[in-house]
Amino acid sequence: MKKIGLFYGGTTAKTAVVALKIQEAFAENEVVLIPIEGATRKEFESFDNIIAGTSTWFDGELPTYWDEFMPEIESIDMTGKKVALFGLGDQERYPDNFVDGIGILAEAFTKSNAELIGFMPVNDYHFTQSRAVKEGHFLGLPLDIENQSEQTEERILKWVAKLKKEFQ
């Protein structure tokens, strides 16, 4: 398998912890961790397989560094690149925009012609709406560490097993 660039919001500790867990679920030498706070266009261009992770802030917003990097992502030609997304959210306190960050990232990577992979079913979550849902599936891995922390590890392992097949 080709090396995977895992871009994540490092200013939010929970997202950084999830990024590490994803790296561990792969073989550590397969995944290169890159905090979005210091990421460059060249780094995005250097990987054919990308994982991008973010939390969702407030009423469906990206954290600052991801938000600032969106125009750059939309301007990169990612034709032939596969992108998997994960996001953290709180389905009880923010049921109207649960993991919207996944949806925002999906829109940007789609504009760049990337192929999105790693879709997950919506069952076992309790929310009203989300920009991260399309045709009955999440456009990546949603995690609710606040309300379903006991399911986080298993969800990551299942998602990584799926990605190992889809990144081929």
# chains A, B, ... in the order shown; residues from 1 in each chain; ligands from 1
>>> select_by_dssp(residues="chain A", states="strand (DSSP E)", output="ChimeraX atom specification")
/A:4-8,31-35,49-55,82-88,115-117,120-121,133-134,137-138,141-143
>>> write_last_selection(atoms="C-alpha atoms", output="PDB file, in the first residue's frame")
ATOM      1  CA  ILE A   4      -1.020   7.701   3.535  1.00  0.00           C
ATOM      2  CA  GLY A   5      -0.927  11.342   4.557  1.00  0.00           C
ATOM      3  CA  LEU A   6      -3.161  11.887   7.590  1.00  0.00           C
ATOM      4  CA  PHE A   7      -3.975  15.583   7.957  1.00  0.00           C
ATOM      5  CA  TYR A   8      -5.715  16.537  11.185  1.00  0.00           C
ATOM      6  CA  VAL A  31       0.610   6.680   7.841  1.00  0.00           C
ATOM      7  CA  VAL A  32       2.380  10.034   8.088  1.00  0.00           C
ATOM      8  CA  LEU A  33       0.728  12.399  10.592  1.00  0.00           C
ATOM      9  CA  ILE A  34       0.584  16.034   9.492  1.00  0.00           C
ATOM     10  CA  PRO A  35      -1.103  18.701  11.634  1.00  0.00           C
ATOM     11  CA  ASN A  49      -3.923   8.396  -0.361  1.00  0.00           C
ATOM     12  CA  ILE A  50      -5.119  10.985   2.140  1.00  0.00           C
ATOM     13  CA  ILE A  51      -7.031  10.875   5.411  1.00  0.00           C
ATOM     14  CA  ALA A  52      -8.338  14.185   6.714  1.00  0.00           C
ATOM     15  CA  GLY A  53      -9.824  14.677  10.153  1.00  0.00           C
ATOM     16  CA  THR A  54     -11.519  17.533  11.909  1.00  0.00           C
ATOM     17  CA  SER A  55     -13.782  18.397  14.748  1.00  0.00           C
ATOM     18  CA  LYS A  82      -8.303   8.872  -2.722  1.00  0.00           C
ATOM     19  CA  VAL A  83      -9.464  10.769   0.362  1.00  0.00           C
ATOM     20  CA  ALA A  84     -11.057   9.363   3.516  1.00  0.00           C
ATOM     21  CA  LEU A  85     -12.542  11.688   6.130  1.00  0.00           C
ATOM     22  CA  PHE A  86     -13.197  11.445   9.844  1.00  0.00           C
ATOM     23  CA  GLY A  87     -14.837  13.906  12.146  1.00  0.00           C
ATOM     24  CA  LEU A  88     -15.642  14.494  15.775  1.00  0.00           C
ATOM     25  CA  GLU A 115     -12.300  10.318  -4.937  1.00  0.00           C
ATOM     26  CA  LEU A 116     -13.976  10.087  -1.536  1.00  0.00           C
ATOM     27  CA  ILE A 117     -13.850   6.701   0.194  1.00  0.00           C
ATOM     28  CA  MET A 120     -20.049   4.670   6.957  1.00  0.00           C
ATOM     29  CA  PRO A 121     -23.707   3.855   7.782  1.00  0.00           C
ATOM     30  CA  VAL A 133     -24.675  12.552   5.197  1.00  0.00           C
ATOM     31  CA  LYS A 134     -25.326  11.714   1.578  1.00  0.00           C
ATOM     32  CA  HIS A 137     -24.306   7.238   4.604  1.00  0.00           C
ATOM     33  CA  PHE A 138     -21.788   9.430   6.345  1.00  0.00           C
ATOM     34  CA  LEU A 141     -16.137   8.162   9.991  1.00  0.00           C
ATOM     35  CA  PRO A 142     -18.185  10.097  12.575  1.00  0.00           C
ATOM     36  CA  LEU A 143     -17.053   9.890  16.176  1.00  0.00           C
TER      37      LEU A 143
END
>>> closest_residue(among="A:Ser46, A:Gln151, A:Thr128, A:Thr56", to="Thr12 in chain A", atoms="only C-alpha atoms")
A:Thr56
>>> closest_residue(among="A:Gly118, A:Asn29, A:Ala132, A:Asp67", to="Ala161 in chain A", atoms="only C-alpha atoms")
A:Gly118
>>> select_by_dssp(residues="range 115-164 of chain A", states="helix (DSSP H, G or I)", output="NGL selection string")
:A and (149-164)
>>> residues_around(residues="Gln148 in chain A", least_positions_apart="4", cutoff="12 Å", atoms="only C-alpha atoms", output="list of chain:residue names")
A:Leu88, A:Gly89, A:Asp90, A:Gln91, A:Glu92, A:Asp124, A:Tyr125, A:His126, A:Pro142, A:Leu143, A:Asp144, A:Thr152, A:Glu153, A:Glu154, A:Arg155
>>> residues_around(residues="Lys111 in chain A", least_positions_apart="4", cutoff="10 Å", atoms="only C-alpha atoms", output="PyMOL selection string")
chain A and resi 73-78+105-107
>>> write_last_selection(atoms="all heavy atoms", output="compact mmCIF listing (two decimals), in the first residue's frame")
# COMPACT_ATOMS: atom_id res chain seq x y z
N ILE A 73 -7.04 23.79 -0.61
CA ILE A 73 -7.49 22.44 -1.00
C ILE A 73 -8.31 22.49 -2.27
O ILE A 73 -8.12 21.69 -3.18
CB ILE A 73 -8.27 21.78 0.16
CG1 ILE A 73 -7.31 21.42 1.29
CG2 ILE A 73 -9.04 20.54 -0.32
CD1 ILE A 73 -7.97 20.91 2.53
N GLU A 74 -9.22 23.44 -2.34
CA GLU A 74 -10.09 23.54 -3.52
C GLU A 74 -9.32 23.88 -4.79
O GLU A 74 -9.80 23.61 -5.89
CB GLU A 74 -11.19 24.57 -3.26
CG GLU A 74 -12.18 24.11 -2.21
CD GLU A 74 -13.21 25.16 -1.83
OE1 GLU A 74 -13.14 26.30 -2.33
OE2 GLU A 74 -14.09 24.83 -1.01
N SER A 75 -8.13 24.43 -4.66
CA SER A 75 -7.35 24.82 -5.84
C SER A 75 -6.38 23.73 -6.31
O SER A 75 -5.77 23.86 -7.37
CB SER A 75 -6.58 26.11 -5.56
OG SER A 75 -5.50 25.86 -4.67
N ILE A 76 -6.23 22.66 -5.53
CA ILE A 76 -5.32 21.57 -5.90
C ILE A 76 -6.06 20.59 -6.80
O ILE A 76 -7.19 20.21 -6.51
CB ILE A 76 -4.80 20.83 -4.65
CG1 ILE A 76 -4.05 21.78 -3.72
CG2 ILE A 76 -3.92 19.64 -5.04
CD1 ILE A 76 -3.73 21.18 -2.35
N ASP A 77 -5.42 20.15 -7.88
CA ASP A 77 -6.02 19.09 -8.71
C ASP A 77 -5.70 17.75 -8.06
O ASP A 77 -4.57 17.30 -8.07
CB ASP A 77 -5.46 19.14 -10.13
CG ASP A 77 -6.08 18.08 -11.02
OD1 ASP A 77 -7.06 17.41 -10.61
OD2 ASP A 77 -5.60 17.90 -12.15
N MET A 78 -6.72 17.13 -7.48
CA MET A 78 -6.53 15.86 -6.78
C MET A 78 -7.06 14.68 -7.59
O MET A 78 -7.37 13.63 -7.03
CB MET A 78 -7.18 15.92 -5.40
CG MET A 78 -6.50 16.89 -4.48
SD MET A 78 -6.96 16.60 -2.77
CE MET A 78 -6.17 17.98 -1.98
N LEU A 105 -15.42 19.34 4.57
CA LEU A 105 -14.21 18.81 3.93
C LEU A 105 -14.55 18.04 2.66
O LEU A 105 -13.85 18.16 1.65
CB LEU A 105 -13.44 17.90 4.90
CG LEU A 105 -12.76 18.55 6.10
CD1 LEU A 105 -12.05 17.48 6.94
CD2 LEU A 105 -11.79 19.62 5.68
N ALA A 106 -15.62 17.26 2.70
CA ALA A 106 -16.03 16.48 1.52
C ALA A 106 -16.30 17.41 0.33
O ALA A 106 -15.90 17.11 -0.80
CB ALA A 106 -17.26 15.64 1.83
N GLU A 107 -16.98 18.52 0.58
CA GLU A 107 -17.26 19.47 -0.49
C GLU A 107 -15.96 20.01 -1.10
O GLU A 107 -15.83 20.09 -2.32
CB GLU A 107 -18.10 20.63 0.03
CG GLU A 107 -19.52 20.23 0.39
CD GLU A 107 -20.27 21.30 1.19
OE1 GLU A 107 -19.81 22.47 1.23
OE2 GLU A 107 -21.31 20.96 1.77
